[in-house]
file query_27.cif (mmCIF, C-alpha atoms)
data_entry
#
loop_
_atom_site.group_PDB
_atom_site.id
_atom_site.type_symbol
_atom_site.label_atom_id
_atom_site.label_comp_id
_atom_site.auth_asym_id
_atom_site.auth_seq_id
_atom_site.Cartn_x
_atom_site.Cartn_y
_atom_site.Cartn_z
ATOM 1 C CA MET A 507 127.421 107.049 129.676
ATOM 2 C CA ALA A 508 131.024 106.936 128.495
ATOM 3 C CA LEU A 509 132.961 106.213 125.336
ATOM 4 C CA SER A 510 132.564 102.568 124.337
ATOM 5 C CA ASP A 511 134.647 102.824 121.157
ATOM 6 C CA LEU A 512 137.646 104.783 119.892
ATOM 7 C CA THR A 513 138.334 108.407 120.763
ATOM 8 C CA LEU A 514 137.593 111.059 118.153
ATOM 9 C CA ALA A 515 141.296 111.358 117.283
ATOM 10 C CA ASP A 516 141.556 107.593 116.849
ATOM 11 C CA CYS A 517 138.396 107.538 114.712
ATOM 12 C CA TRP A 518 139.919 110.111 112.377
ATOM 13 C CA ALA A 519 142.888 107.759 112.002
ATOM 14 C CA TYR A 520 140.821 104.564 111.697
ATOM 15 C CA ARG A 521 140.964 103.352 108.096
ATOM 16 C CA PRO A 522 140.344 99.597 108.049
ATOM 17 C CA ASP A 523 141.431 97.399 105.177
ATOM 18 C CA LEU A 524 138.047 95.940 104.257
ATOM 19 C CA ALA A 525 137.694 92.856 102.068
ATOM 20 C CA VAL A 526 135.918 93.666 98.797
ATOM 21 C CA PRO A 527 134.271 90.725 96.992
ATOM 22 C CA ALA A 528 135.775 90.210 93.552
ATOM 23 C CA ASP A 529 132.323 90.076 91.978
ATOM 24 C CA LEU A 530 130.786 92.947 93.957
ATOM 25 C CA GLY A 531 129.881 95.005 90.890
ATOM 26 C CA ALA A 532 128.604 92.005 88.957
ATOM 27 C CA PHE A 533 126.488 90.886 91.916
ATOM 28 C CA TRP A 534 124.698 94.211 92.166
ATOM 29 C CA GLU A 535 124.325 94.621 88.413
ATOM 30 C CA ARG A 536 122.685 91.182 88.276
ATOM 31 C CA THR A 537 120.490 91.964 91.283
ATOM 32 C CA LEU A 538 119.260 95.364 90.141
ATOM 33 C CA SER A 539 118.598 94.279 86.548
ATOM 34 C CA ALA A 540 116.892 91.005 87.469
ATOM 35 C CA ASP A 541 113.413 92.220 86.608
ATOM 36 C CA ALA A 542 111.673 95.147 84.990
ATOM 37 C CA PRO A 543 109.142 96.407 87.542
ATOM 38 C CA GLY A 544 106.107 98.405 86.547
ATOM 39 C CA PRO A 545 105.548 102.053 87.484
ATOM 40 C CA ALA A 546 104.927 103.332 90.983
ATOM 41 C CA THR A 547 101.364 104.260 91.920
ATOM 42 C CA TYR A 548 100.220 107.257 93.973
ATOM 43 C CA GLU A 549 96.843 107.448 95.730
ATOM 44 C CA PRO A 550 95.798 110.782 97.330
ATOM 45 C CA VAL A 551 95.216 110.610 101.089
ATOM 46 C CA ASP A 552 92.969 112.998 103.009
ATOM 47 C CA THR A 553 95.015 113.806 106.115
ATOM 48 C CA GLY A 554 93.028 116.879 107.126
ATOM 49 C CA LEU A 555 96.138 119.003 106.590
ATOM 50 C CA THR A 556 95.977 122.000 104.276
ATOM 51 C CA GLN A 557 99.608 122.870 103.556
ATOM 52 C CA VAL A 558 100.865 119.434 102.527
ATOM 53 C CA ARG A 559 99.439 117.055 99.930
ATOM 54 C CA THR A 560 100.004 113.392 100.771
ATOM 55 C CA PHE A 561 99.859 110.290 98.602
ATOM 56 C CA SER A 562 100.004 106.638 99.560
ATOM 57 C CA VAL A 563 102.700 105.100 97.375
ATOM 58 C CA VAL A 564 103.298 101.593 96.069
ATOM 59 C CA VAL A 565 106.643 100.965 94.347
ATOM 60 C CA PRO A 566 107.497 97.570 92.832
ATOM 61 C CA GLY A 567 110.577 96.525 94.783
ATOM 62 C CA TYR A 568 112.699 93.394 94.739
ATOM 63 C CA ASP A 569 111.115 90.710 92.533
ATOM 64 C CA GLY A 570 108.265 93.151 91.873
ATOM 65 C CA ASP A 571 107.056 92.929 95.482
ATOM 66 C CA PRO A 572 104.787 95.888 96.390
ATOM 67 C CA VAL A 573 106.579 98.258 98.773
ATOM 68 C CA TYR A 574 104.543 100.993 100.453
ATOM 69 C CA GLY A 575 105.475 104.554 101.189
ATOM 70 C CA TRP A 576 104.269 108.126 101.567
ATOM 71 C CA LEU A 577 104.856 111.028 99.226
ATOM 72 C CA HIS A 578 104.458 114.522 100.697
ATOM 73 C CA LEU A 579 104.324 117.587 98.458
ATOM 74 C CA PRO A 580 104.021 121.226 99.555
ATOM 75 C CA ALA A 581 100.450 122.224 98.735
ATOM 76 C CA GLN A 582 101.362 125.526 97.090
ATOM 77 C CA ALA A 583 104.446 124.343 95.213
ATOM 78 C CA SER A 584 104.804 124.836 91.482
ATOM 79 C CA GLY A 585 107.431 123.465 89.145
ATOM 80 C CA PRO A 586 109.641 120.401 89.673
ATOM 81 C CA LEU A 587 110.866 120.145 93.257
ATOM 82 C CA PRO A 588 114.019 118.759 94.808
ATOM 83 C CA CYS A 589 113.121 115.481 96.527
ATOM 84 C CA VAL A 590 114.343 113.883 99.750
ATOM 85 C CA VAL A 591 113.962 110.097 99.732
ATOM 86 C CA GLU A 592 114.006 108.784 103.294
ATOM 87 C CA TYR A 593 114.781 105.260 104.498
ATOM 88 C CA LEU A 594 113.863 104.207 108.009
ATOM 89 C CA GLY A 595 115.628 102.817 111.051
ATOM 90 C CA TYR A 596 115.673 99.200 112.168
ATOM 91 C CA GLY A 597 112.198 97.917 113.021
ATOM 92 C CA ARG A 598 110.521 101.060 111.689
ATOM 93 C CA GLY A 599 107.693 101.286 109.171
ATOM 94 C CA ARG A 600 106.244 104.240 107.284
ATOM 95 C CA GLY A 601 103.903 105.002 110.195
ATOM 96 C CA LEU A 602 101.034 107.475 109.893
ATOM 97 C CA PRO A 603 100.962 109.993 107.061
ATOM 98 C CA HIS A 604 101.295 113.112 109.220
ATOM 99 C CA GLU A 605 104.334 111.991 111.251
ATOM 100 C CA LYS A 606 107.142 113.304 109.031
ATOM 101 C CA LEU A 607 106.442 116.694 107.497
ATOM 102 C CA PHE A 608 109.730 118.595 107.943
ATOM 103 C CA TRP A 609 110.966 118.292 104.357
ATOM 104 C CA ALA A 610 107.631 119.160 102.763
ATOM 105 C CA ALA A 611 107.357 122.166 105.082
ATOM 106 C CA ALA A 612 110.801 123.233 103.823
ATOM 107 C CA GLY A 613 109.618 123.106 100.204
ATOM 108 C CA PHE A 614 110.874 119.673 99.178
ATOM 109 C CA ALA A 615 109.056 116.654 97.841
ATOM 110 C CA HIS A 616 109.489 113.937 100.464
ATOM 111 C CA LEU A 617 109.241 110.235 99.596
ATOM 112 C CA ILE A 618 109.316 107.825 102.569
ATOM 113 C CA MET A 619 109.932 104.096 102.049
ATOM 114 C CA ASP A 620 108.319 101.490 104.268
ATOM 115 C CA THR A 621 110.708 98.708 105.356
ATOM 116 C CA ARG A 622 109.703 95.269 104.168
ATOM 117 C CA GLY A 623 108.815 92.939 107.015
ATOM 118 C CA GLN A 624 109.779 95.441 109.723
ATOM 119 C CA GLY A 625 107.036 98.041 110.039
ATOM 120 C CA TRP A 626 103.441 97.414 110.966
ATOM 121 C CA SER A 627 100.437 99.669 111.249
ATOM 122 C CA ALA A 628 96.825 98.533 111.164
ATOM 123 C CA SER A 629 95.708 101.939 109.917
ATOM 124 C CA SER A 630 98.403 102.806 107.358
ATOM 125 C CA GLY A 631 99.327 99.427 105.866
ATOM 126 C CA SER A 632 102.684 97.711 105.877
ATOM 127 C CA THR A 633 105.035 95.984 103.460
ATOM 128 C CA ALA A 634 105.367 92.218 103.716
ATOM 129 C CA ASP A 635 108.502 90.227 102.946
ATOM 130 C CA PRO A 636 107.037 87.215 101.136
ATOM 131 C CA HIS A 637 110.361 85.482 100.584
ATOM 132 C CA GLY A 638 111.339 82.581 102.797
ATOM 133 C CA TYR A 639 114.738 82.214 104.411
ATOM 134 C CA PRO A 640 116.694 79.245 105.753
ATOM 135 C CA ALA A 641 116.030 77.920 109.237
ATOM 136 C CA GLY A 642 118.497 78.577 112.040
ATOM 137 C CA THR A 643 118.387 82.366 112.147
ATOM 138 C CA VAL A 644 118.219 84.364 115.373
ATOM 139 C CA PRO A 645 115.434 86.898 116.082
ATOM 140 C CA GLY A 646 115.693 89.988 113.920
ATOM 141 C CA PHE A 647 116.589 90.532 110.266
ATOM 142 C CA LEU A 648 120.379 90.564 110.135
ATOM 143 C CA THR A 649 120.810 86.778 109.930
ATOM 144 C CA ARG A 650 118.010 85.983 107.476
ATOM 145 C CA GLY A 651 119.775 84.171 104.646
ATOM 146 C CA VAL A 652 123.152 85.423 105.858
ATOM 147 C CA THR A 653 125.100 82.425 104.553
ATOM 148 C CA ASP A 654 124.417 83.303 100.893
ATOM 149 C CA PRO A 655 124.352 86.803 99.320
ATOM 150 C CA ASP A 656 121.566 85.735 96.962
ATOM 151 C CA ASP A 657 119.299 84.769 99.871
ATOM 152 C CA PHE A 658 120.195 87.576 102.286
ATOM 153 C CA TYR A 659 117.339 89.783 103.502
ATOM 154 C CA TYR A 660 119.277 92.993 102.778
ATOM 155 C CA ARG A 661 119.581 92.091 99.108
ATOM 156 C CA ARG A 662 115.852 92.629 98.904
ATOM 157 C CA LEU A 663 115.833 95.722 101.113
ATOM 158 C CA VAL A 664 118.647 97.506 99.250
ATOM 159 C CA THR A 665 116.907 96.746 95.964
ATOM 160 C CA ASP A 666 113.701 98.286 97.338
ATOM 161 C CA ALA A 667 115.671 101.381 98.313
ATOM 162 C CA VAL A 668 117.194 101.792 94.849
ATOM 163 C CA ARG A 669 113.756 101.403 93.287
ATOM 164 C CA PHE A 670 112.369 104.186 95.500
ATOM 165 C CA ALA A 671 115.129 106.579 94.433
ATOM 166 C CA ARG A 672 114.407 105.719 90.812
ATOM 167 C CA ALA A 673 110.658 106.229 91.347
ATOM 168 C CA ALA A 674 111.351 109.669 92.825
ATOM 169 C CA GLN A 675 113.313 110.667 89.736
ATOM 170 C CA ARG A 676 110.404 109.685 87.503
ATOM 171 C CA HIS A 677 107.656 111.549 89.379
ATOM 172 C CA PRO A 678 106.394 114.591 87.425
ATOM 173 C CA ALA A 679 106.540 116.842 90.499
ATOM 174 C CA VAL A 680 110.233 116.051 91.098
ATOM 175 C CA ASP A 681 113.345 117.570 89.582
ATOM 176 C CA ALA A 682 115.163 114.399 88.480
ATOM 177 C CA ASP A 683 118.558 116.079 88.907
ATOM 178 C CA ARG A 684 117.930 116.903 92.583
ATOM 179 C CA VAL A 685 117.022 113.626 94.273
ATOM 180 C CA VAL A 686 118.615 113.213 97.702
ATOM 181 C CA VAL A 687 118.709 110.047 99.827
ATOM 182 C CA THR A 688 118.843 110.068 103.610
ATOM 183 C CA GLY A 689 118.079 108.069 106.725
ATOM 184 C CA VAL A 690 119.012 107.398 110.321
ATOM 185 C CA SER A 691 120.803 104.215 111.418
ATOM 186 C CA GLN A 692 119.587 101.428 109.095
ATOM 187 C CA GLY A 693 118.176 104.181 106.897
ATOM 188 C CA GLY A 694 121.590 105.835 106.772
ATOM 189 C CA GLY A 695 123.238 102.599 105.684
ATOM 190 C CA LEU A 696 120.603 102.134 102.989
ATOM 191 C CA ALA A 697 121.130 105.711 101.794
ATOM 192 C CA LEU A 698 124.865 105.060 101.447
ATOM 193 C CA ALA A 699 124.216 101.841 99.537
ATOM 194 C CA VAL A 700 121.808 103.598 97.163
ATOM 195 C CA ALA A 701 124.303 106.399 96.549
ATOM 196 C CA ALA A 702 126.873 103.743 95.616
ATOM 197 C CA LEU A 703 124.557 101.738 93.364
ATOM 198 C CA PHE A 704 122.370 104.408 91.741
ATOM 199 C CA PRO A 705 124.354 107.160 90.007
ATOM 200 C CA GLY A 706 121.276 109.382 89.677
ATOM 201 C CA VAL A 707 121.500 110.464 93.332
ATOM 202 C CA ALA A 708 122.400 114.156 93.723
ATOM 203 C CA ALA A 709 123.370 114.009 97.415
ATOM 204 C CA VAL A 710 123.332 111.634 100.380
ATOM 205 C CA MET A 711 122.822 112.387 104.084
ATOM 206 C CA PRO A 712 123.534 109.355 106.320
ATOM 207 C CA ASP A 713 122.939 109.833 110.037
ATOM 208 C CA VAL A 714 124.682 107.510 112.536
ATOM 209 C CA PRO A 715 124.676 104.861 109.786
ATOM 210 C CA PHE A 716 124.171 101.150 110.393
ATOM 211 C CA LEU A 717 125.427 98.427 107.984
ATOM 212 C CA CYS A 718 129.030 99.702 108.062
ATOM 213 C CA ASP A 719 132.245 97.760 108.807
ATOM 214 C CA PHE A 720 130.281 94.723 109.968
ATOM 215 C CA ARG A 721 133.053 92.815 111.723
ATOM 216 C CA ARG A 722 133.981 95.738 113.936
ATOM 217 C CA GLY A 723 130.327 96.525 114.594
ATOM 218 C CA VAL A 724 129.763 92.975 115.770
ATOM 219 C CA GLN A 725 132.833 93.125 117.994
ATOM 220 C CA VAL A 726 132.205 96.540 119.551
ATOM 221 C CA ALA A 727 128.486 97.412 119.611
ATOM 222 C CA ALA A 728 127.109 97.261 123.148
ATOM 223 C CA ARG A 729 123.501 96.868 122.013
ATOM 224 C CA GLY A 730 121.388 96.730 118.879
ATOM 225 C CA PRO A 731 121.234 94.627 115.701
ATOM 226 C CA TYR A 732 124.965 93.945 115.276
ATOM 227 C CA GLY A 733 124.556 91.607 118.239
ATOM 228 C CA GLU A 734 122.333 89.355 116.138
ATOM 229 C CA ILE A 735 125.410 88.303 114.158
ATOM 230 C CA ALA A 736 127.320 87.515 117.351
ATOM 231 C CA GLU A 737 124.401 85.451 118.637
ATOM 232 C CA TYR A 738 124.228 83.572 115.347
ATOM 233 C CA LEU A 739 127.950 82.805 115.362
ATOM 234 C CA LYS A 740 127.749 81.581 118.946
ATOM 235 C CA LEU A 741 125.466 78.849 117.596
ATOM 236 C CA HIS A 742 127.229 78.330 114.251
ATOM 237 C CA ARG A 743 130.890 78.530 115.193
ATOM 238 C CA ASP A 744 132.100 77.240 111.822
ATOM 239 C CA ARG A 745 130.339 79.871 109.686
ATOM 240 C CA SER A 746 132.233 83.051 110.488
ATOM 241 C CA GLY A 747 133.989 83.269 107.123
ATOM 242 C CA GLN A 748 130.788 82.487 105.269
ATOM 243 C CA VAL A 749 128.770 85.071 107.216
ATOM 244 C CA PHE A 750 131.228 87.936 106.900
ATOM 245 C CA GLY A 751 131.749 87.011 103.253
ATOM 246 C CA THR A 752 128.036 87.568 102.654
ATOM 247 C CA LEU A 753 127.916 90.768 104.692
ATOM 248 C CA ALA A 754 130.717 92.291 102.592
ATOM 249 C CA TYR A 755 128.333 92.626 99.622
ATOM 250 C CA PHE A 756 126.028 94.832 101.722
ATOM 251 C CA ASP A 757 128.571 96.721 103.822
ATOM 252 C CA ALA A 758 128.065 100.442 103.221
ATOM 253 C CA ALA A 759 131.747 101.047 103.972
ATOM 254 C CA VAL A 760 132.731 98.517 101.291
ATOM 255 C CA LEU A 761 130.347 100.102 98.802
ATOM 256 C CA ALA A 762 131.286 103.691 99.762
ATOM 257 C CA PRO A 763 134.089 104.267 97.200
ATOM 258 C CA ARG A 764 131.536 103.689 94.430
ATOM 259 C CA ALA A 765 129.475 106.710 95.528
ATOM 260 C CA THR A 766 130.374 110.063 93.984
ATOM 261 C CA ALA A 767 127.487 112.237 95.218
ATOM 262 C CA PRO A 768 128.316 114.840 97.873
ATOM 263 C CA ALA A 769 127.601 113.595 101.389
ATOM 264 C CA LEU A 770 126.780 115.030 104.789
ATOM 265 C CA PHE A 771 127.440 112.471 107.534
ATOM 266 C CA SER A 772 126.533 112.645 111.204
ATOM 267 C CA ILE A 773 128.309 110.502 113.789
ATOM 268 C CA ALA A 774 127.714 110.275 117.552
ATOM 269 C CA MET A 775 130.778 109.498 119.635
ATOM 270 C CA MET A 776 128.891 107.715 122.426
ATOM 271 C CA ASP A 777 126.785 105.631 120.050
ATOM 272 C CA GLN A 778 126.507 102.112 121.442
ATOM 273 C CA VAL A 779 124.323 100.804 118.575
ATOM 274 C CA CYS A 780 126.401 101.964 115.598
ATOM 275 C CA PRO A 781 129.907 102.451 117.017
ATOM 276 C CA PRO A 782 131.479 105.659 115.699
ATOM 277 C CA SER A 783 134.507 103.838 114.290
ATOM 278 C CA THR A 784 132.222 101.899 111.925
ATOM 279 C CA CYS A 785 130.610 105.119 110.707
ATOM 280 C CA PHE A 786 134.037 106.715 110.223
ATOM 281 C CA ALA A 787 135.046 103.704 108.123
ATOM 282 C CA ALA A 788 132.262 104.578 105.672
ATOM 283 C CA TYR A 789 132.983 108.308 105.864
ATOM 284 C CA HIS A 790 136.684 107.895 105.079
ATOM 285 C CA ARG A 791 135.957 105.641 102.105
ATOM 286 C CA HIS A 792 133.143 107.710 100.573
ATOM 287 C CA GLY A 793 134.074 108.509 96.971
ATOM 288 C CA GLY A 794 132.521 111.949 96.685
ATOM 289 C CA GLU A 795 132.924 115.293 98.417
ATOM 290 C CA LYS A 796 131.875 114.992 102.044
ATOM 291 C CA GLU A 797 131.250 116.872 105.245
ATOM 292 C CA LEU A 798 130.801 115.559 108.766
ATOM 293 C CA ARG A 799 129.005 116.718 111.882
ATOM 294 C CA VAL A 800 130.220 115.008 115.065
ATOM 295 C CA TYR A 801 128.017 114.862 118.173
ATOM 296 C CA GLU A 802 130.572 114.199 120.857
ATOM 297 C CA PHE A 803 128.300 113.392 123.800
ATOM 298 C CA ASN A 804 125.345 111.760 122.054
ATOM 299 C CA ASP A 805 124.332 108.125 121.871
ATOM 300 C CA HIS A 806 122.384 106.673 118.930
ATOM 301 C CA GLU A 807 119.950 109.610 118.876
ATOM 302 C CA GLY A 808 122.755 111.583 117.226
ATOM 303 C CA GLY A 809 122.100 115.217 116.396
ATOM 304 C CA GLY A 810 118.297 114.982 116.387
ATOM 305 C CA ALA A 811 116.350 118.105 115.462
ATOM 306 C CA GLU A 812 119.474 120.282 115.520
ATOM 307 C CA HIS A 813 121.004 118.122 112.817
ATOM 308 C CA GLN A 814 117.925 118.510 110.602
ATOM 309 C CA LEU A 815 118.700 122.230 110.459
ATOM 310 C CA GLU A 816 122.288 121.377 109.503
ATOM 311 C CA GLN A 817 120.944 119.162 106.716
ATOM 312 C CA LEU A 818 118.589 121.851 105.439
ATOM 313 C CA ALA A 819 121.353 124.471 105.261
ATOM 314 C CA TRP A 820 123.700 121.973 103.587
ATOM 315 C CA LEU A 821 121.104 120.982 100.971
ATOM 316 C CA HIS A 822 120.472 124.618 100.080
ATOM 317 C CA LYS A 823 124.216 124.961 99.537
ATOM 318 C CA VAL A 824 124.593 121.758 97.504
ATOM 319 C CA LEU A 825 121.381 121.896 95.462
ATOM 320 C CA GLY A 826 120.711 125.597 95.379
ATOM 321 C CA ARG A 827 117.575 127.176 96.786
ATOM 322 C CA GLY A 828 114.201 126.927 95.116
#
call {"tool": "encode", "arguments": {"input": "query_27.cif", "output": "structure tokens"}}
result
Amino acid sequence: MALSDLTLADCWAYRPDLAVPADLGAFWERTLSADAPGPATYEPVDTGLTQVRTFSVVVPGYDGDPVYGWLHLPAQASGPLPCVVEYLGYGRGRGLPHEKLFWAAAGFAHLIMDTRGQGWSASSGSTADPHGYPAGTVPGFLTRGVTDPDDFYYRRLVTDAVRFARAAQRHPAVDADRVVVTGVSQGGGLALAVAALFPGVAAVMPDVPFLCDFRRGVQVAARGPYGEIAEYLKLHRDRSGQVFGTLAYFDAAVLAPRATAPALFSIAMMDQVCPPSTCFAAYHRHGGEKELRVYEFNDHEGGGAEHQLEQLAWLHKVLGRG
């Protein structure tokens, strides 16, 4: 495996001039205030584990659609806890309740959002995407409704993600001033979008984030979802302006200056799914204080378990212990 994008020095210098829709703020204000969803619900789940309490979650997402999740709480915790809200990678669902226990084991509340239409589990339930989309898309999610921001799949998914962060703030076991959003790949892009659109976020931790600097991602990525856009434009040669115009509303690098929460980014220099230059575009434009961990010889797996320890130490610094 070799570099398939810019060198590290060139990535530090890469600061693209990204087109920002004139009505970007109005679009998201209209989207996020379009309905008044009811409260989240939490149903206890017997996992057989003794040190973590788990709840099956339903949060009203876009258009009030039920979006599933898991909430993990340390069994012996008392008092409001800092909370890590986690969004998942492309094609991932919430999975089984015992799969992700790191943050609860570290003393945090941990709220995991299922990904509408992407995850599936016969035993744990999955979130449907009941909204139709125009014909002519290519397999995957990145071209569903891509010719119109109002119809685009990620309008619904980003709204779900904001609603989960808001639900975390309102949970009685959570310290509303210490809600953190995080995720890997697609989850990292969603975390950046939430940090830009929901000022209640205390910190954001995007790992090898997707949904950044779309045009370059489409041009450079050797594999992964960015290729769906290229495949679509091979078929619809006259729609390039329309497609990238829509994507600009959801580009985490375009939204990044609106975020003021402190951020810890991770970027992998041999990432062929989310090219490092696209991640640097979001990092450079992030509006708050920020730190970066670079994994020079890693592909899309990024820093893995080692980076979780970096995140834990950083959160203790940013949020304070306890």
call {"tool": "atom_distance", "arguments": {"input": "query_27.cif", "atom1": "CA of Leu514 in chain A", "atom2": "CA of Leu594 in chain A"}}
result
26.7 Å
call {"tool": "residues_around", "arguments": {"input": "query_27.cif", "residues": "range 543-559 of chain A", "least_positions_apart": "3", "cutoff": "12 Å", "atoms": "all atoms listed in the file", "output": "ChimeraX atom specification"}}
result
/A:538-540,562-583,602-617,630,665-666,669-679
call {"tool": "closest_residue", "arguments": {"input": "query_27.cif", "among": "A:Leu753, A:Val824, A:Met776, A:Met619", "to": "Ser632 in chain A", "atoms": "only C-alpha atoms"}}
result
A:Met619
call {"tool": "closest_residue", "arguments": {"input": "query_27.cif", "among": "A:Thr752, A:Thr513, A:Gly695, A:Gly689", "to": "Ala788 in chain A", "atoms": "all atoms listed in the file"}}
result
A:Gly695
call {"tool": "resolve_selection", "arguments": {"input": "query_27.cif", "expression": "the PyMOL selection byres ((chain A and resi 773) around 9)", "output": "ChimeraX atom specification"}}
result
/A:712-715,771-772,774-775,777,780-782,785-786,798-802,804,806,808-809
call {"tool": "write_last_selection", "arguments": {"input": "query_27.cif", "atoms": "C-alpha atoms", "output": "compact mmCIF listing (two decimals), keeping the file's coordinate frame"}}
result
# COMPACT_ATOMS: atom_id res chain seq x y z
CA PRO A 712 123.53 109.36 106.32
CA ASP A 713 122.94 109.83 110.04
CA VAL A 714 124.68 107.51 112.54
CA PRO A 715 124.68 104.86 109.79
CA PHE A 771 127.44 112.47 107.53
CA SER A 772 126.53 112.64 111.20
CA ALA A 774 127.71 110.28 117.55
CA MET A 775 130.78 109.50 119.64
CA ASP A 777 126.78 105.63 120.05
CA CYS A 780 126.40 101.96 115.60
CA PRO A 781 129.91 102.45 117.02
CA PRO A 782 131.48 105.66 115.70
CA CYS A 785 130.61 105.12 110.71
CA PHE A 786 134.04 106.72 110.22
CA LEU A 798 130.80 115.56 108.77
CA ARG A 799 129.00 116.72 111.88
CA VAL A 800 130.22 115.01 115.06
CA TYR A 801 128.02 114.86 118.17
CA GLU A 802 130.57 114.20 120.86
CA ASN A 804 125.34 111.76 122.05
CA HIS A 806 122.38 106.67 118.93
CA GLY A 808 122.76 111.58 117.23
CA GLY A 809 122.10 115.22 116.40
call {"tool": "axis_aligned_box", "arguments": {"input": "query_27.cif", "around": "range 579-598 of chain A", "padding_each_side": "4 Å", "output": "lines of an AutoDock Vina configuration file"}}
result
center_x = 108.1
center_y = 111.7
center_z = 101.1
size_x = 23.2
size_y = 35.6
size_z = 31.9
call {"tool": "resolve_selection", "arguments": {"input": "query_27.cif", "expression": "the PyMOL selection byres ((chain A and resi 710) around 7)", "output": "ChimeraX atom specification"}}
result
/A:686-688,697-698,701,709,711-712,767-770
call {"tool": "closest_residue", "arguments": {"input": "query_27.cif", "among": "A:Phe716, A:Tyr738, A:Trp534, A:Tyr660", "to": "Gln778 in chain A", "atoms": "all atoms listed in the file"}}
result
A:Phe716
call {"tool": "closest_residue", "arguments": {"input": "query_27.cif", "among": "A:Val707, A:Ile735, A:Val685, A:Val590", "to": "Gly651 in chain A", "atoms": "all atoms listed in the file"}}
result
A:Ile735
call {"tool": "residues_near_point", "arguments": {"input": "query_27.cif", "point": "(129.8, 104.0, 126.8)", "cutoff": "9 Å", "atoms": "all atoms listed in the file", "output": "list in words"}}
result
Met507, Ala508, Leu509, Ser510, Asp511, Ala728, Met776, Asp777, Gln778 and Asp805 of chain A
call {"tool": "residues_around", "arguments": {"input": "query_27.cif", "residues": "range 527-530 of chain A", "least_positions_apart": "5", "cutoff": "12 Å", "atoms": "only C-alpha atoms", "output": "PyMOL selection string"}}
result
chain A and resi 535-537+655+702-703+750-757+760-761+764
call {"tool": "residues_around", "arguments": {"input": "query_27.cif", "residues": "Leu825 in chain A", "least_positions_apart": "3", "cutoff": "10 Å", "atoms": "all atoms listed in the file", "output": "PyMOL selection string"}}
result
chain A and resi 588+683-686+708-709+820-822+828
call {"tool": "residues_around", "arguments": {"input": "query_27.cif", "residues": "Gly625 in chain A", "least_positions_apart": "5", "cutoff": "7 Å", "atoms": "only C-alpha atoms", "output": "NGL selection string"}}
result
:A and (597-600 or 620 or 632)
call {"tool": "atom_distance", "arguments": {"input": "query_27.cif", "atom1": "CA of Ala515 in chain A", "atom2": "CA of Arg721 in chain A"}}
result
21.0 Å
call {"tool": "closest_residue", "arguments": {"input": "query_27.cif", "among": "A:Val749, A:Asp681, A:Glu816, A:Ala736", "to": "Leu587 in chain A", "atoms": "all atoms listed in the file"}}
result
A:Asp681
call {"tool": "closest_residue", "arguments": {"input": "query_27.cif", "among": "A:Cys589, A:Val664, A:Ala758, A:Leu815", "to": "Thr784 in chain A", "atoms": "only C-alpha atoms"}}
result
A:Ala758
call {"tool": "residues_around", "arguments": {"input": "query_27.cif", "residues": "Phe658 in chain A", "least_positions_apart": "5", "cutoff": "8 Å", "atoms": "all atoms listed in the file", "output": "list in words"}}
result
Tyr639, Thr649, Arg650, Gly651, Val652, Thr653 and Thr752 of chain A
call {"tool": "atom_distance", "arguments": {"input": "query_27.cif", "atom1": "CA of Val591 in chain A", "atom2": "CA of Thr766 in chain A"}}
result
17.4 Å
call {"tool": "resolve_selection", "arguments": {"input": "query_27.cif", "expression": "the PyMOL selection byres ((chain A and resi 623) around 7)", "output": "short mmCIF file (atom, residue, chain, number, x, y, z; two decimals) with C-alpha atoms, keeping the file's coordinate frame"}}
result
data_model
loop_
_atom_site.label_atom_id
_atom_site.label_comp_id
_atom_site.auth_asym_id
_atom_site.auth_seq_id
_atom_site.Cartn_x
_atom_site.Cartn_y
_atom_site.Cartn_z
CA THR A 621 110.71 98.71 105.36
CA ARG A 622 109.70 95.27 104.17
CA GLN A 624 109.78 95.44 109.72
CA GLY A 625 107.04 98.04 110.04
CA THR A 633 105.04 95.98 103.46
CA ALA A 634 105.37 92.22 103.72
CA ASP A 635 108.50 90.23 102.95
#
